[in-house]
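Heads up: the structure comes next, in structure tokens.
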Amino acid sequence: MTVIEWCGDSVRLIDQSKLPSEESYIQTGDYRVLVDAIRSLKVRGAPLIGIAAAYGVALAAAKFDGEEYYSFRDHCATAIRELASTRPTAVNLFWSLERMRNVLERGTTIESVRKALVSEALRIHHEDREMCRRIGEYGASLVPQRSTILTHCNTGALATGGDGTAQSIITTAHKMGKTVNVFADETRPLLQGARLTAWELMKAGLDVTLITDSMAASLMKQKRIDLVVVGADRIASNGDVANKIGTYNIAVIARHHGVPFYVAAPSSTIDITIASGDQIPIEERSAQEVTEGFGRRTAPVGVRVYSPAFDVTPASLVTAIVSERGVHTPPYDFKKTISDHD
Ligand code: MRU
């Protein structure tokens, strides 16, 4: 399965909205198709959104029809703006578009900028693959030889440019010969856990049991969960974590039951420009995703719906954050950790 690839003058990506019943691909030379794919979650997961957006800018540059350099720059800047407007929470989107914008601003000719944008997009993709590998290695050290792990949403190859974030920890521990059983939350309302995580983990040969989101507390009470590992869409400098709605509930019950709660994310998900999670914009999704998800109405017509896609888990509930740079423990001060490293 190829999740996303640059094909010279087009991008090919798996349509995640059709999984797991259909493995079909979108191939496009039009960045606007990618804008729609990101907005409608055909391509999703914080790191992968960043990679898709970078390819979107490269496509916009490749398809510009004209010879005037300043019109070319305006065209690419418009594409960057449109891509940035798709989803507000995953900071990887803005991080990656900023890198593309820097390339655009340094350029002097259309041809050289086109080439440089493609190289930068491929670099962003390649770096993410490497970050996933290292997150897996660092994180696997936290997994006991025999353990049952709870995870939420989808953090695998379908969410990144490599083997995943939280999921890379799970699969790396499995590859190291550890006995790992996984409980995957279905992840209401769009069921990324049921449709994507269960599918990916089964394909990788892991022992996975699907549960509804509301079952986690009772499993913890029965001492059937040894640790929780989830991904992140944006981590503030103080370690507050925005992730798929429902993550905060899990962190609270994990603390209540003395279960370690780990977060895995590349440094491209850490936003050192914000001090705390209060500053993270939380995306609200359409009512339809709740009232008639997957085409069947399950709520009365006209009912009021509130559907935030993410919540913020306070750093005080996070046992450790695993990035490609290692295992970070509290107190978190990413502004310092990241500036010291760079
Ligand atoms: O709305 P989605 O499906 O893009 O949300 C994805 C998540 O919340 C993931 O858990 C998060 O991006 C971490 S993934 C590597």
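Convention: chains lettered A, B, ... in structure tokens order; per-chain residue numbering from 1; ligands numbered from 1 as shown.
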Original post:
Residues within 6 Å of ligand 1 (only C-alpha atoms and all ligand atoms), as JSON, numbers by chain?
Top reply: {"A": [44, 45, 46, 47, 153, 154, 155, 159, 160, 164, 165, 231, 232, 233, 243, 244]}
**OP:** Find the spatial neighbours of Leu190 of chain A, counting only C-alpha atoms, within a cut-off of 10 Å - ignore same-chain residues fewer than 2 positions away - and output them as a PyMOL selection string.
**Re:** chain A and resi 17+41+153+186-188+192-195+289-290+293-294+309
Could you write those residues out with N, CA and C atoms, as a PDB file, in the first residue's frame?
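Written output follows (selection.pdb):
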```pdb
ATOM      1  N   SER A  17     -11.101   7.827   3.035  1.00  0.00           N
ATOM      2  CA  SER A  17     -12.528   7.842   3.375  1.00  0.00           C
ATOM      3  C   SER A  17     -13.213   6.556   2.907  1.00  0.00           C
ATOM      4  N   LEU A  41     -10.944  14.809   4.730  1.00  0.00           N
ATOM      5  CA  LEU A  41     -10.306  13.674   5.415  1.00  0.00           C
ATOM      6  C   LEU A  41     -10.045  12.454   4.524  1.00  0.00           C
ATOM      7  N   CYS A 153      -7.835   6.833  17.891  1.00  0.00           N
ATOM      8  CA  CYS A 153      -7.737   7.388  16.549  1.00  0.00           C
ATOM      9  C   CYS A 153      -6.779   6.559  15.701  1.00  0.00           C
ATOM     10  N   GLU A 186     -12.779   2.851  18.779  1.00  0.00           N
ATOM     11  CA  GLU A 186     -13.351   3.067  17.436  1.00  0.00           C
ATOM     12  C   GLU A 186     -13.195   4.522  16.970  1.00  0.00           C
ATOM     13  N   THR A 187     -13.204   5.471  17.929  1.00  0.00           N
ATOM     14  CA  THR A 187     -12.975   6.896  17.654  1.00  0.00           C
ATOM     15  C   THR A 187     -14.152   7.563  16.925  1.00  0.00           C
ATOM     16  N   ARG A 188     -15.162   7.875  17.713  1.00  0.00           N
ATOM     17  CA  ARG A 188     -16.323   8.601  17.215  1.00  0.00           C
ATOM     18  C   ARG A 188     -15.928  10.018  16.809  1.00  0.00           C
ATOM     19  N   GLN A 192     -11.933   6.536  12.862  1.00  0.00           N
ATOM     20  CA  GLN A 192     -10.575   6.279  12.377  1.00  0.00           C
ATOM     21  C   GLN A 192      -9.975   5.031  13.034  1.00  0.00           C
ATOM     22  N   GLY A 193     -10.356   4.797  14.305  1.00  0.00           N
ATOM     23  CA  GLY A 193      -9.821   3.621  15.003  1.00  0.00           C
ATOM     24  C   GLY A 193     -10.361   2.325  14.413  1.00  0.00           C
ATOM     25  N   ALA A 194     -11.660   2.311  14.152  1.00  0.00           N
ATOM     26  CA  ALA A 194     -12.293   1.104  13.604  1.00  0.00           C
ATOM     27  C   ALA A 194     -11.882   0.885  12.146  1.00  0.00           C
ATOM     28  N   ARG A 195     -11.957   1.940  11.355  1.00  0.00           N
ATOM     29  CA  ARG A 195     -11.746   1.774   9.911  1.00  0.00           C
ATOM     30  C   ARG A 195     -10.271   1.639   9.563  1.00  0.00           C
ATOM     31  N   GLU A 289     -21.508  14.815  10.112  1.00  0.00           N
ATOM     32  CA  GLU A 289     -20.613  13.706  10.473  1.00  0.00           C
ATOM     33  C   GLU A 289     -21.129  12.973  11.715  1.00  0.00           C
ATOM     34  N   VAL A 290     -21.962  13.677  12.505  1.00  0.00           N
ATOM     35  CA  VAL A 290     -22.515  13.052  13.709  1.00  0.00           C
ATOM     36  C   VAL A 290     -23.918  12.497  13.437  1.00  0.00           C
ATOM     37  N   GLY A 293     -23.358  10.092   9.729  1.00  0.00           N
ATOM     38  CA  GLY A 293     -22.033   9.604   9.323  1.00  0.00           C
ATOM     39  C   GLY A 293     -22.217   8.363   8.473  1.00  0.00           C
ATOM     40  N   PHE A 294     -21.449   8.267   7.428  1.00  0.00           N
ATOM     41  CA  PHE A 294     -21.462   7.094   6.545  1.00  0.00           C
ATOM     42  C   PHE A 294     -22.835   6.863   5.890  1.00  0.00           C
ATOM     43  N   ALA A 309     -13.373  18.464  16.763  1.00  0.00           N
ATOM     44  CA  ALA A 309     -12.637  17.286  16.288  1.00  0.00           C
ATOM     45  C   ALA A 309     -11.491  16.908  17.222  1.00  0.00           C
TER      46      ALA A 309
END
```
Subject >> Selection near Ala265 of chain A, 8 Å with only C-alpha atoms, sequence-local residues under 4 positions removed, as a PyMOL selection string >> reply: chain A and resi 135+165-166+231-232+269-270+321-324
**OP:** Could you tell me, as a ChimeraX atom specification, which residues of segment 80-178 of chain A DSSP assigns to strand (DSSP E) when given the backbone?
**Re:** /A:146-151
If you take only C-alpha atoms and a cut-off of 9 Å, which residues of segment 148-189 of chain A touch segment 210-229 of chain A, and what are their nearest atom pairs and distances in Å to one decimal, in chain and number order, as JSON lines?
```
{"residue": "A:Thr148", "atom": "CA", "partner": "A:Ile225", "partner_atom": "CA", "distance": 5.3}
{"residue": "A:Ile149", "atom": "CA", "partner": "A:Leu227", "partner_atom": "CA", "distance": 5.2}
{"residue": "A:Leu150", "atom": "CA", "partner": "A:Val228", "partner_atom": "CA", "distance": 4.7}
{"residue": "A:Thr151", "atom": "CA", "partner": "A:Val229", "partner_atom": "CA", "distance": 5.4}
{"residue": "A:His152", "atom": "CA", "partner": "A:Val229", "partner_atom": "CA", "distance": 7.8}
{"residue": "A:Ala166", "atom": "CA", "partner": "A:Val229", "partner_atom": "CA", "distance": 5.7}
{"residue": "A:Gln167", "atom": "CA", "partner": "A:Val229", "partner_atom": "CA", "distance": 8.1}
{"residue": "A:Ile169", "atom": "CA", "partner": "A:Val229", "partner_atom": "CA", "distance": 8.3}
{"residue": "A:Ile170", "atom": "CA", "partner": "A:Val229", "partner_atom": "CA", "distance": 8.5}
{"residue": "A:Val182", "atom": "CA", "partner": "A:Leu210", "partner_atom": "CA", "distance": 8.4}
{"residue": "A:Phe183", "atom": "CA", "partner": "A:Leu210", "partner_atom": "CA", "distance": 5.8}
{"residue": "A:Ala184", "atom": "CA", "partner": "A:Leu210", "partner_atom": "CA", "distance": 4.9}
{"residue": "A:Asp185", "atom": "CA", "partner": "A:Asp213", "partner_atom": "CA", "distance": 5.1}
{"residue": "A:Glu186", "atom": "CA", "partner": "A:Thr212", "partner_atom": "CA", "distance": 5.2}
{"residue": "A:Thr187", "atom": "CA", "partner": "A:Asp213", "partner_atom": "CA", "distance": 6.0}
{"residue": "A:Arg188", "atom": "CA", "partner": "A:Asp213", "partner_atom": "CA", "distance": 7.1}
```
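Ranking A:Lys336, A:His75, A:Arg297, A:Arg87 by their shortest atom-to-atom distance to Ala37 of chain A, with only C-alpha atoms included, puts A:Arg87 first.
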Original post:
Which residue out of A:Val305, A:Ile26, A:Val318, A:Leu196 has the minimum interatomic distance to Ile250 of chain A when only C-alpha atoms are used?
Top reply: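 So, comparing all the options, the nearest one is A:Val318.
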